[in-house]
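File shown here: data.tsv, holding TSV, C-alpha atoms and all ligand atoms.
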chain	number	residue	atom	x	y	z
A	1	MET	CA	-25.40	-53.46	12.81
A	2	LYS	CA	-22.96	-55.26	15.05
A	3	ARG	CA	-24.40	-56.37	18.37
A	4	PRO	CA	-23.22	-54.16	21.25
A	5	MET	CA	-20.85	-56.00	23.57
A	6	GLN	CA	-22.85	-56.08	26.81
A	7	PHE	CA	-23.53	-58.56	29.59
A	8	LEU	CA	-27.20	-59.24	30.38
A	9	SER	CA	-28.02	-56.44	27.88
A	10	LEU	CA	-26.99	-53.91	30.53
A	11	PRO	CA	-25.43	-50.60	29.58
A	12	ASN	CA	-21.74	-50.64	30.33
A	13	ALA	CA	-20.59	-48.75	33.43
A	14	ALA	CA	-17.63	-46.40	33.21
A	15	PRO	CA	-14.55	-48.67	33.61
A	16	ALA	CA	-13.29	-46.57	36.55
A	17	ASP	CA	-16.58	-47.24	38.46
A	18	ALA	CA	-16.88	-50.92	37.58
A	19	ASP	CA	-16.83	-53.72	40.14
A	20	VAL	CA	-16.62	-56.29	37.37
A	21	LEU	CA	-14.64	-56.01	34.15
A	22	ILE	CA	-15.33	-58.37	31.28
A	23	LEU	CA	-12.52	-58.46	28.75
A	24	PRO	CA	-13.30	-60.13	25.40
A	25	VAL	CA	-10.18	-61.65	23.84
A	26	PRO	CA	-11.40	-63.49	20.72
A	27	HIS	CA	-7.93	-64.71	19.86
A	28	GLU	CA	-7.60	-67.79	17.64
A	29	GLN	CA	-4.22	-68.40	16.15
A	30	THR	CA	-3.07	-71.88	17.06
A	31	VAL	CA	-6.25	-73.93	16.97
A	32	THR	CA	-5.47	-77.62	16.42
A	33	TYR	CA	-8.86	-79.31	15.94
A	34	LYS	CA	-12.26	-77.55	15.81
A	35	ALA	CA	-12.09	-73.88	14.78
A	36	GLY	CA	-14.31	-71.13	16.15
A	37	THR	CA	-12.94	-69.94	19.50
A	38	ALA	CA	-12.64	-66.44	18.00
A	39	ASN	CA	-16.45	-66.28	18.12
A	40	GLY	CA	-16.56	-67.25	21.79
A	41	PRO	CA	-16.84	-63.87	23.53
A	42	GLU	CA	-19.57	-62.52	21.27
A	43	ALA	CA	-21.60	-65.74	21.60
A	44	ILE	CA	-21.24	-65.78	25.40
A	45	LEU	CA	-22.37	-62.15	25.68
A	46	ALA	CA	-25.28	-62.81	23.29
A	47	ALA	CA	-26.34	-65.82	25.40
A	48	SER	CA	-26.17	-63.65	28.54
A	49	GLU	CA	-29.22	-61.73	27.27
A	50	GLN	CA	-31.27	-64.79	28.21
A	51	LEU	CA	-30.08	-64.95	31.82
A	52	GLU	CA	-32.23	-63.79	34.71
A	53	PHE	CA	-30.95	-60.91	36.82
A	54	PHE	CA	-31.76	-63.03	39.87
A	55	GLU	CA	-29.08	-65.60	40.70
A	56	GLU	CA	-30.82	-68.43	42.42
A	57	ASP	CA	-27.96	-70.07	44.37
A	58	MET	CA	-27.09	-66.93	46.34
A	59	ALA	CA	-30.64	-65.54	46.11
A	60	TRP	CA	-29.79	-62.03	44.99
A	61	CYS	CA	-29.53	-59.86	41.88
A	62	PRO	CA	-25.77	-59.22	41.74
A	63	LEU	CA	-25.96	-56.51	39.12
A	64	GLN	CA	-28.42	-54.48	41.15
A	65	HIS	CA	-25.57	-53.98	43.61
A	66	MET	CA	-22.50	-54.16	41.39
A	67	LYS	CA	-21.46	-52.25	38.30
A	68	LEU	CA	-20.13	-54.06	35.30
A	69	THR	CA	-18.53	-53.10	32.06
A	70	VAL	CA	-17.56	-55.03	28.97
A	71	LEU	CA	-14.20	-53.60	27.93
A	72	PRO	CA	-13.12	-53.05	24.34
A	73	THR	CA	-12.11	-56.27	22.64
A	74	VAL	CA	-8.42	-57.16	22.41
A	75	GLU	CA	-7.70	-58.96	19.17
A	76	ALA	CA	-4.76	-59.40	16.84
A	77	ILE	CA	-4.31	-56.82	14.14
A	78	GLU	CA	-3.87	-58.21	10.64
A	79	HIS	CA	-0.29	-59.47	10.08
A	80	GLU	CA	0.60	-58.75	13.71
A	81	ALA	CA	3.35	-61.03	15.02
A	82	GLU	CA	2.27	-63.40	17.80
A	83	GLU	CA	4.74	-61.84	20.20
A	84	ALA	CA	3.46	-58.33	19.48
A	85	PHE	CA	-0.13	-59.37	20.11
A	86	HIS	CA	0.75	-60.98	23.42
A	87	ARG	CA	2.74	-57.91	24.46
A	88	ARG	CA	-0.30	-55.76	23.70
A	89	LEU	CA	-2.48	-58.09	25.75
A	90	PHE	CA	-0.02	-57.74	28.66
A	91	GLU	CA	-0.11	-53.95	28.41
A	92	THR	CA	-3.91	-53.90	28.26
A	93	ALA	CA	-4.21	-56.08	31.36
A	94	GLU	CA	-1.56	-54.06	33.18
A	95	GLN	CA	-3.49	-50.82	32.68
A	96	LEU	CA	-6.77	-52.15	34.08
A	97	PRO	CA	-7.79	-51.11	37.60
A	98	ALA	CA	-6.61	-53.73	40.08
A	99	LYS	CA	-9.61	-53.78	42.40
A	100	PRO	CA	-12.47	-55.13	40.26
A	101	LEU	CA	-13.09	-58.75	39.35
A	102	LEU	CA	-11.66	-59.35	35.88
A	103	ILE	CA	-13.30	-62.03	33.76
A	104	ALA	CA	-11.50	-62.52	30.46
A	105	LEU	CA	-13.38	-64.37	27.74
A	106	GLY	CA	-11.42	-66.33	25.12
A	107	GLY	CA	-10.51	-67.13	22.56
A	108	GLU	CA	-7.93	-69.80	22.94
A	109	HIS	CA	-6.02	-70.65	26.07
A	110	SER	CA	-2.82	-68.94	24.91
A	111	ILE	CA	-4.28	-65.64	26.20
A	112	THR	CA	-3.86	-66.54	29.88
A	113	PRO	CA	-0.11	-66.07	30.62
A	114	GLU	CA	0.35	-62.42	29.66
A	115	MET	CA	-2.78	-61.32	31.51
A	116	LEU	CA	-1.62	-63.27	34.56
A	117	PHE	CA	1.91	-61.83	34.42
A	118	ALA	CA	0.40	-58.33	34.25
A	119	ARG	CA	-2.21	-58.79	36.97
A	120	LEU	CA	-0.30	-60.95	39.48
A	121	PRO	CA	3.31	-59.77	39.07
A	122	ALA	CA	4.25	-60.83	42.60
A	123	GLY	CA	3.26	-64.46	42.04
A	124	GLY	CA	0.38	-66.60	43.16
A	125	THR	CA	-1.52	-69.79	42.48
A	126	VAL	CA	-3.25	-70.75	39.27
A	127	VAL	CA	-6.26	-73.03	39.64
A	128	HIS	CA	-6.60	-74.56	36.20
A	129	ILE	CA	-9.64	-76.52	35.07
A	130	ASP	CA	-8.93	-78.34	31.80
A	131	ALA	CA	-8.92	-81.69	30.02
A	132	HIS	CA	-5.34	-80.95	28.95
A	133	ALA	CA	-2.23	-80.21	31.01
A	134	ASP	CA	-1.10	-77.44	28.60
A	135	LEU	CA	2.49	-77.96	29.80
A	136	ARG	CA	4.23	-78.24	26.44
A	137	PRO	CA	7.26	-75.91	26.18
A	138	ARG	CA	6.35	-75.28	22.53
A	139	TYR	CA	3.95	-76.78	20.04
A	140	HIS	CA	3.80	-76.48	16.26
A	141	GLY	CA	6.85	-74.23	16.53
A	142	SER	CA	5.40	-71.68	18.95
A	143	ILE	CA	5.62	-70.97	22.66
A	144	TYR	CA	2.27	-69.13	22.27
A	145	ASN	CA	0.42	-72.26	21.17
A	146	HIS	CA	-2.72	-73.09	23.18
A	147	ALA	CA	-0.96	-76.30	24.31
A	148	CYS	CA	1.68	-74.26	26.18
A	149	PRO	CA	0.18	-71.68	28.57
A	150	MET	CA	0.69	-73.62	31.80
A	151	TYR	CA	4.31	-74.38	30.94
A	152	ARG	CA	4.95	-70.66	30.54
A	153	ILE	CA	3.13	-69.88	33.79
A	154	ARG	CA	4.97	-72.55	35.78
A	155	ALA	CA	8.31	-71.40	34.32
A	156	ARG	CA	7.69	-68.02	35.98
A	157	GLY	CA	7.23	-69.70	39.35
A	158	TYR	CA	3.45	-69.63	39.80
A	159	ARG	CA	2.07	-72.62	41.66
A	160	LEU	CA	-0.31	-74.77	39.59
A	161	ILE	CA	-3.35	-76.78	40.64
A	162	GLN	CA	-4.73	-78.63	37.63
A	163	ILE	CA	-8.19	-80.19	37.74
A	164	GLY	CA	-9.91	-82.60	35.36
A	165	ILE	CA	-6.80	-83.50	33.36
A	166	ARG	CA	-7.27	-86.48	31.04
A	167	SER	CA	-5.04	-85.85	28.02
A	168	LEU	CA	-1.31	-85.16	28.13
A	169	HIS	CA	2.07	-85.98	26.59
A	170	ALA	CA	4.49	-88.29	28.38
A	171	ASN	CA	6.84	-85.33	28.90
A	172	GLU	CA	4.04	-83.37	30.57
A	173	ALA	CA	3.36	-86.35	32.84
A	174	ALA	CA	7.07	-86.47	33.70
A	175	GLN	CA	7.10	-82.78	34.58
A	176	ILE	CA	4.06	-83.19	36.82
A	177	GLU	CA	5.75	-86.14	38.51
A	178	SER	CA	8.97	-84.25	39.24
A	179	ASP	CA	7.67	-80.74	39.97
A	180	ASP	CA	6.47	-80.05	43.52
A	181	GLY	CA	4.89	-76.80	42.35
A	182	ILE	CA	2.26	-78.63	40.31
A	183	THR	CA	-0.64	-80.55	41.85
A	184	VAL	CA	-2.79	-82.48	39.38
A	185	TRP	CA	-6.23	-83.86	40.12
A	186	PHE	CA	-6.67	-86.28	37.25
A	187	ASP	CA	-10.19	-86.65	35.95
A	188	ARG	CA	-10.42	-90.38	36.59
A	189	ALA	CA	-9.10	-90.07	40.14
A	190	LEU	CA	-11.78	-87.49	40.91
A	191	GLN	CA	-14.41	-90.20	40.37
A	192	ARG	CA	-13.11	-92.14	43.38
A	193	PRO	CA	-14.96	-91.66	46.68
A	194	GLY	CA	-13.34	-89.07	48.87
A	195	VAL	CA	-10.97	-87.64	46.26
A	196	TRP	CA	-13.35	-84.86	45.27
A	197	GLN	CA	-13.54	-83.76	48.89
A	198	GLN	CA	-9.74	-83.77	49.13
A	199	LEU	CA	-9.64	-81.35	46.20
A	200	LEU	CA	-12.22	-79.07	47.85
A	201	ASP	CA	-10.16	-79.22	51.05
A	202	GLN	CA	-7.05	-78.13	49.16
A	203	LEU	CA	-8.90	-75.16	47.64
A	204	ALA	CA	-10.19	-74.25	51.10
A	205	SER	CA	-6.61	-74.26	52.43
A	206	LEU	CA	-5.17	-71.91	49.78
A	207	SER	CA	-4.19	-68.36	50.55
A	208	GLY	CA	-2.99	-65.33	48.64
A	209	PRO	CA	-3.65	-64.33	45.03
A	210	VAL	CA	-5.36	-66.97	42.91
A	211	TRP	CA	-6.02	-66.89	39.19
A	212	LEU	CA	-8.82	-69.21	38.05
A	213	SER	CA	-8.35	-70.40	34.48
A	214	ILE	CA	-11.31	-72.33	33.11
A	215	ASP	CA	-10.88	-74.16	29.83
A	216	MET	CA	-14.43	-75.14	28.96
A	217	ASP	CA	-13.18	-78.55	27.79
A	218	GLY	CA	-12.53	-79.36	31.45
A	219	PHE	CA	-16.27	-80.01	31.60
A	220	ASP	CA	-17.88	-83.17	30.24
A	221	PRO	CA	-18.34	-82.75	26.45
A	222	ALA	CA	-21.74	-84.42	26.85
A	223	LEU	CA	-22.70	-81.15	28.59
A	224	ILE	CA	-20.76	-78.79	26.41
A	225	THR	CA	-20.02	-79.94	22.87
A	226	GLY	CA	-18.82	-76.48	21.84
A	227	VAL	CA	-15.11	-76.73	22.63
A	228	GLY	CA	-12.09	-76.79	20.35
A	229	THR	CA	-10.52	-80.04	21.59
A	230	PRO	CA	-13.14	-82.19	23.38
A	231	GLN	CA	-12.12	-85.20	25.51
A	232	PRO	CA	-14.45	-87.79	27.08
A	233	GLY	CA	-14.94	-87.60	30.84
A	234	GLY	CA	-14.72	-84.31	32.68
A	235	LEU	CA	-16.44	-82.26	35.32
A	236	SER	CA	-20.15	-81.89	35.77
A	237	TRP	CA	-21.75	-78.43	35.93
A	238	HIS	CA	-22.30	-78.78	39.67
A	239	GLN	CA	-18.72	-79.86	40.28
A	240	GLY	CA	-17.57	-76.73	38.47
A	241	LEU	CA	-19.76	-74.61	40.73
A	242	ASP	CA	-18.46	-76.45	43.81
A	243	LEU	CA	-14.92	-75.45	42.84
A	244	LEU	CA	-15.96	-71.84	42.33
A	245	GLN	CA	-17.77	-71.83	45.66
A	246	ALA	CA	-14.81	-73.37	47.50
A	247	LEU	CA	-12.53	-70.65	46.18
A	248	THR	CA	-14.86	-67.69	46.76
A	249	ALA	CA	-15.81	-68.93	50.24
A	250	ASN	CA	-12.13	-69.03	51.23
A	251	ARG	CA	-11.48	-65.65	52.80
A	252	ALA	CA	-7.70	-66.11	52.68
A	253	VAL	CA	-7.83	-66.24	48.88
A	254	ASP	CA	-7.76	-63.13	46.73
A	255	LEU	CA	-9.62	-64.23	43.61
A	256	ARG	CA	-9.92	-61.23	41.33
A	257	ASN	CA	-8.96	-62.81	38.04
A	258	ILE	CA	-10.75	-65.46	36.03
A	259	ASP	CA	-10.52	-66.53	32.43
A	260	ILE	CA	-13.02	-68.66	30.55
A	261	VAL	CA	-11.50	-69.95	27.33
A	262	GLU	CA	-11.74	-72.34	24.38
A	263	LEU	CA	-15.49	-72.06	23.86
A	264	VAL	CA	-16.57	-72.74	20.28
A	265	PRO	CA	-20.16	-71.60	19.71
A	266	GLU	CA	-22.39	-74.35	18.36
A	267	PRO	CA	-25.82	-74.38	16.67
A	268	GLY	CA	-27.64	-75.71	19.74
A	269	ARG	CA	-26.29	-72.74	21.76
A	270	VAL	CA	-26.16	-74.81	24.96
A	271	SER	CA	-22.39	-74.41	25.19
A	272	GLU	CA	-22.39	-70.62	25.09
A	273	MET	CA	-25.31	-70.49	27.53
A	274	MET	CA	-23.31	-72.64	29.93
A	275	ALA	CA	-20.35	-70.27	29.63
A	276	ALA	CA	-22.61	-67.22	30.10
A	277	LYS	CA	-24.19	-68.74	33.19
A	278	LEU	CA	-20.72	-69.54	34.50
A	279	VAL	CA	-19.80	-65.86	34.14
A	280	GLN	CA	-22.91	-64.97	36.12
A	281	LYS	CA	-22.01	-67.49	38.85
A	282	CYS	CA	-18.49	-66.03	39.06
A	283	ILE	CA	-19.95	-62.55	39.54
A	284	SER	CA	-22.55	-63.72	42.04
A	285	TYR	CA	-20.33	-65.92	44.22
A	286	TRP	CA	-17.44	-63.44	44.21
A	287	GLY	CA	-19.73	-60.45	44.73
A	288	LYS	CA	-21.45	-62.06	47.68
A	289	SER	CA	-18.10	-63.05	49.22
A	290	GLN	CA	-17.01	-59.40	48.96
A	291	GLY	CA	-20.19	-58.16	50.66
A	292	PHE	CA	-21.66	-56.38	47.67
A	293	ASP	CA	-25.10	-57.61	48.69
A	294	GLN	CA	-24.89	-55.10	51.57
A	295	ARG	CA	-24.45	-52.21	49.19
A	296	LEU	CA	-27.51	-50.14	48.35
A	297	THR	CA	-29.04	-50.80	44.97
A	298	GLN	CA	-29.01	-47.09	44.15
A	299	GLY	CA	-27.03	-46.35	41.05
A	300	SER	CA	-27.68	-49.84	39.76
A	301	GLN	CA	-27.52	-50.30	36.03
A	302	ILE	CA	-30.81	-52.14	36.16
A	303	GLY	CA	-33.83	-49.93	35.61
A	304	ALA	CA	-37.43	-50.66	36.57
A	305	ASP	CA	-38.18	-51.79	33.01
A	306	ASP	CA	-35.78	-54.69	33.34
A	307	GLU	CA	-37.64	-56.42	36.15
B	401	MN	MN	-7.97	-77.82	27.05
Write out the structure in this file as structure tokens.
Amino acid sequence: MKRPMQFLSLPNAAPADADVLILPVPHEQTVTYKAGTANGPEAILAASEQLEFFEEDMAWCPLQHMKLTVLPTVEAIEHEAEEAFHRRLFETAEQLPAKPLLIALGGEHSITPEMLFARLPAGGTVVHIDAHADLRPRYHGSIYNHACPMYRIRARGYRLIQIGIRSLHANEAAQIESDDGITVWFDRALQRPGVWQQLLDQLASLSGPVWLSIDMDGFDPALITGVGTPQPGGLSWHQGLDLLQALTANRAVDLRNIDIVELVPEPGRVSEMMAAKLVQKCISYWGKSQGFDQRLTQGSQIGADDE
């Protein structure tokens, strides 16, 4: 029997009641190096069974106060054209309730633009953690390639803040150089004293709608080997959490959309556990910032047996 798609083994809330929506998008069409991102969402949700309900940084049990549901998976139908799949992804995202926190689980990075266009139609800022700039106009003949999402997003006028970049084409570097709407925090520069704090200061100064797009290869591959296109260098776990905390602590930012993409499950299972724990941190930090800890635990999905 196929494993039920649940987070922390919790029964799924009715989508209309949910404070957190998890959308599995196991899309893998344009992989260029290591295959397996299609298995990402299922592996992340399976790893989540091993998490504690208690989240130690914020010292609370988020899902005793918040309701969560894992939505039906969005995946390409056999022989479906790329464009048709992406249109379907747009329509799915557009129909979701606007108020909850959406965490989309990839799958490859090509899934981000349509969900963003559907959820933030009036514009906003994309905070993009990645080893790669993903600013190619097309790659291997397709605008939907996983090397292209940030080009498509920038072309629609969204502001881009890219963090951890350490692999890009000369044309991408030229675009970054000439485009005031893109700020890049290169991986190597972030190692210099003071630069990390400047990045945190920028995140603290943002306002308005923010989409957080986390390519797991933005992290150090020594921590997380399970990514499609690993690059040496990268963020530490704690740096990743610092970024998340800076964004959720900023009350002028409306952060209701996050994607976590490009995970390739691996035999050691550390990579998918890291992604699962990252999902939990997103829920905890965001939930606390929204005051969900003040809500009564009645109606929680967690029963006494789960303690
Ligand atoms: Mn990448």
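Interatomic distance, atom CA of Glu52 of chain A against atom CA of Val279 of chain A: 12.6 Å.
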Spatial neighbours of Val270 of chain A, max dist 12 Å, all atoms listed in the file, sep filter under 3 positions, as an MDAnalysis selection string: chainID A and resid 43:44 47:48 50 221:227 263:267 273:277
Using Å and a single decimal, report how far atom CA of Glu49 of chain A sits from atom CA of Pro24 of chain A.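 Calculated distance between atom CA of Pro24 of chain A and atom CA of Glu49 of chain A is 16.1 Å.
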Residues at most 6 Å from Ala104 of chain A, counting all atoms listed in the file, excluding those fewer than 2 positions away in the same chain, as a PyMOL selection string? chain A and resi 22-24+259
Show which residues sit within 7 Å of segment 172-188 of chain A, as a list in words. Count all atoms listed in the file, and ignore same-chain residues fewer than 4 positions away.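 Answer for this query is Leu135, Arg136, Arg159, Leu160, Ile161, Gln162, Ile163, Gly164, Ile165, Arg166, Leu168 and Gly234 of chain A.
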When you look at Trp211 of chain A with a cut-off of 7 Å (counting all atoms listed in the file), what residues show up, excluding the ones that are within fewer than 6 positions of it in the same chain? I need them as a ChimeraX atom specification. /A:125-127,255,257-258
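Selection of all polymer residues within 7 Å of ligand MN 401 (chain B) on the basis of only C-alpha atoms and all ligand atoms gives Asp130, Ala131, His132, Asp215, Asp217, Gly218 and Thr229 of chain A.
Restricting the calculation to only C-alpha atoms, the smallest distance between Leu206 of chain A and any of A:Ala170, A:Leu190, A:Ile111, A:Leu247 is found for A:Leu247.
In this comparison, which uses all atoms listed in the file, the residue of A:His146, A:His65, A:His140, A:Arg192 approaching Lys288 of chain A most closely is A:His65.
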Rank A:Leu63, A:Ala81, A:Met5, A:Leu241 by their smallest atom-to-atom distance to Leu105 of chain A, using only C-alpha atoms, and report the top residue only.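 Among the listed residues, the smallest separation from Leu105 of chain A belongs to A:Met5.
Atom CA of Ser9 of chain A is found 8.3 Å from atom CA of Leu45 of chain A.
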List every protein, DNA or RNA residue with an atom no more than 10 Å from (-2.3, -61.5, 36.5) in the file's coordinates, counting all atoms listed in the file, and format the result as a VMD selection string. chain A and resid 90 93 to 94 98 102 112 to 124 126 209 to 211 256 to 258
Compare A:Ile260, A:Tyr139, A:Gln191, A:Ala14 by their minimum atom-to-atom distance to Gln239 of chain A, counting only C-alpha atoms, and give me the closest one. A:Gln191
I'd like the neighbourhood of segment 199-205 of chain A as a count of residues only, where a residue qualifies if any of its atoms comes within 7 Å (using all atoms listed in the file), though same-chain residues fewer than 3 positions away should be ignored. 6
Using all atoms listed in the file, give me every residue within 10 Å of (-8.1, -62.0, 14.9) in file coordinates, as an mmCIF file with C-alpha atoms, in the frame of the given file.
data_model
loop_
_atom_site.group_PDB
_atom_site.id
_atom_site.type_symbol
_atom_site.label_atom_id
_atom_site.label_comp_id
_atom_site.auth_asym_id
_atom_site.auth_seq_id
_atom_site.Cartn_x
_atom_site.Cartn_y
_atom_site.Cartn_z
ATOM 1 C CA VAL A 25 -10.180 -61.650 23.840
ATOM 2 C CA PRO A 26 -11.400 -63.490 20.720
ATOM 3 C CA HIS A 27 -7.930 -64.710 19.860
ATOM 4 C CA GLU A 28 -7.600 -67.790 17.640
ATOM 5 C CA GLN A 29 -4.220 -68.400 16.150
ATOM 6 C CA ALA A 38 -12.640 -66.440 18.000
ATOM 7 C CA ASN A 39 -16.450 -66.280 18.120
ATOM 8 C CA VAL A 74 -8.420 -57.160 22.410
ATOM 9 C CA GLU A 75 -7.700 -58.960 19.170
ATOM 10 C CA ALA A 76 -4.760 -59.400 16.840
ATOM 11 C CA ILE A 77 -4.310 -56.820 14.140
ATOM 12 C CA GLU A 78 -3.870 -58.210 10.640
ATOM 13 C CA HIS A 79 -0.290 -59.470 10.080
ATOM 14 C CA GLU A 80 0.600 -58.750 13.710
ATOM 15 C CA PHE A 85 -0.130 -59.370 20.110
ATOM 16 C CA GLY A 107 -10.510 -67.130 22.560
#
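Between Arg269 of chain A and the residues A:Gly106, A:Pro149, A:Gly40, A:Pro15, the shortest atom-to-atom distance, using all atoms listed in the file, involves A:Gly40.
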Draw an axis-aligned box over all listed atoms of segment 95-98 of chain A, pad each side with 3 Å, and write its centre and edge lengths in Å, one decimal, as lines of an AutoDock Vina configuration file.
center_x = -5.6
center_y = -52.3
center_z = 36.4
size_x = 10.3
size_y = 8.9
size_z = 13.4
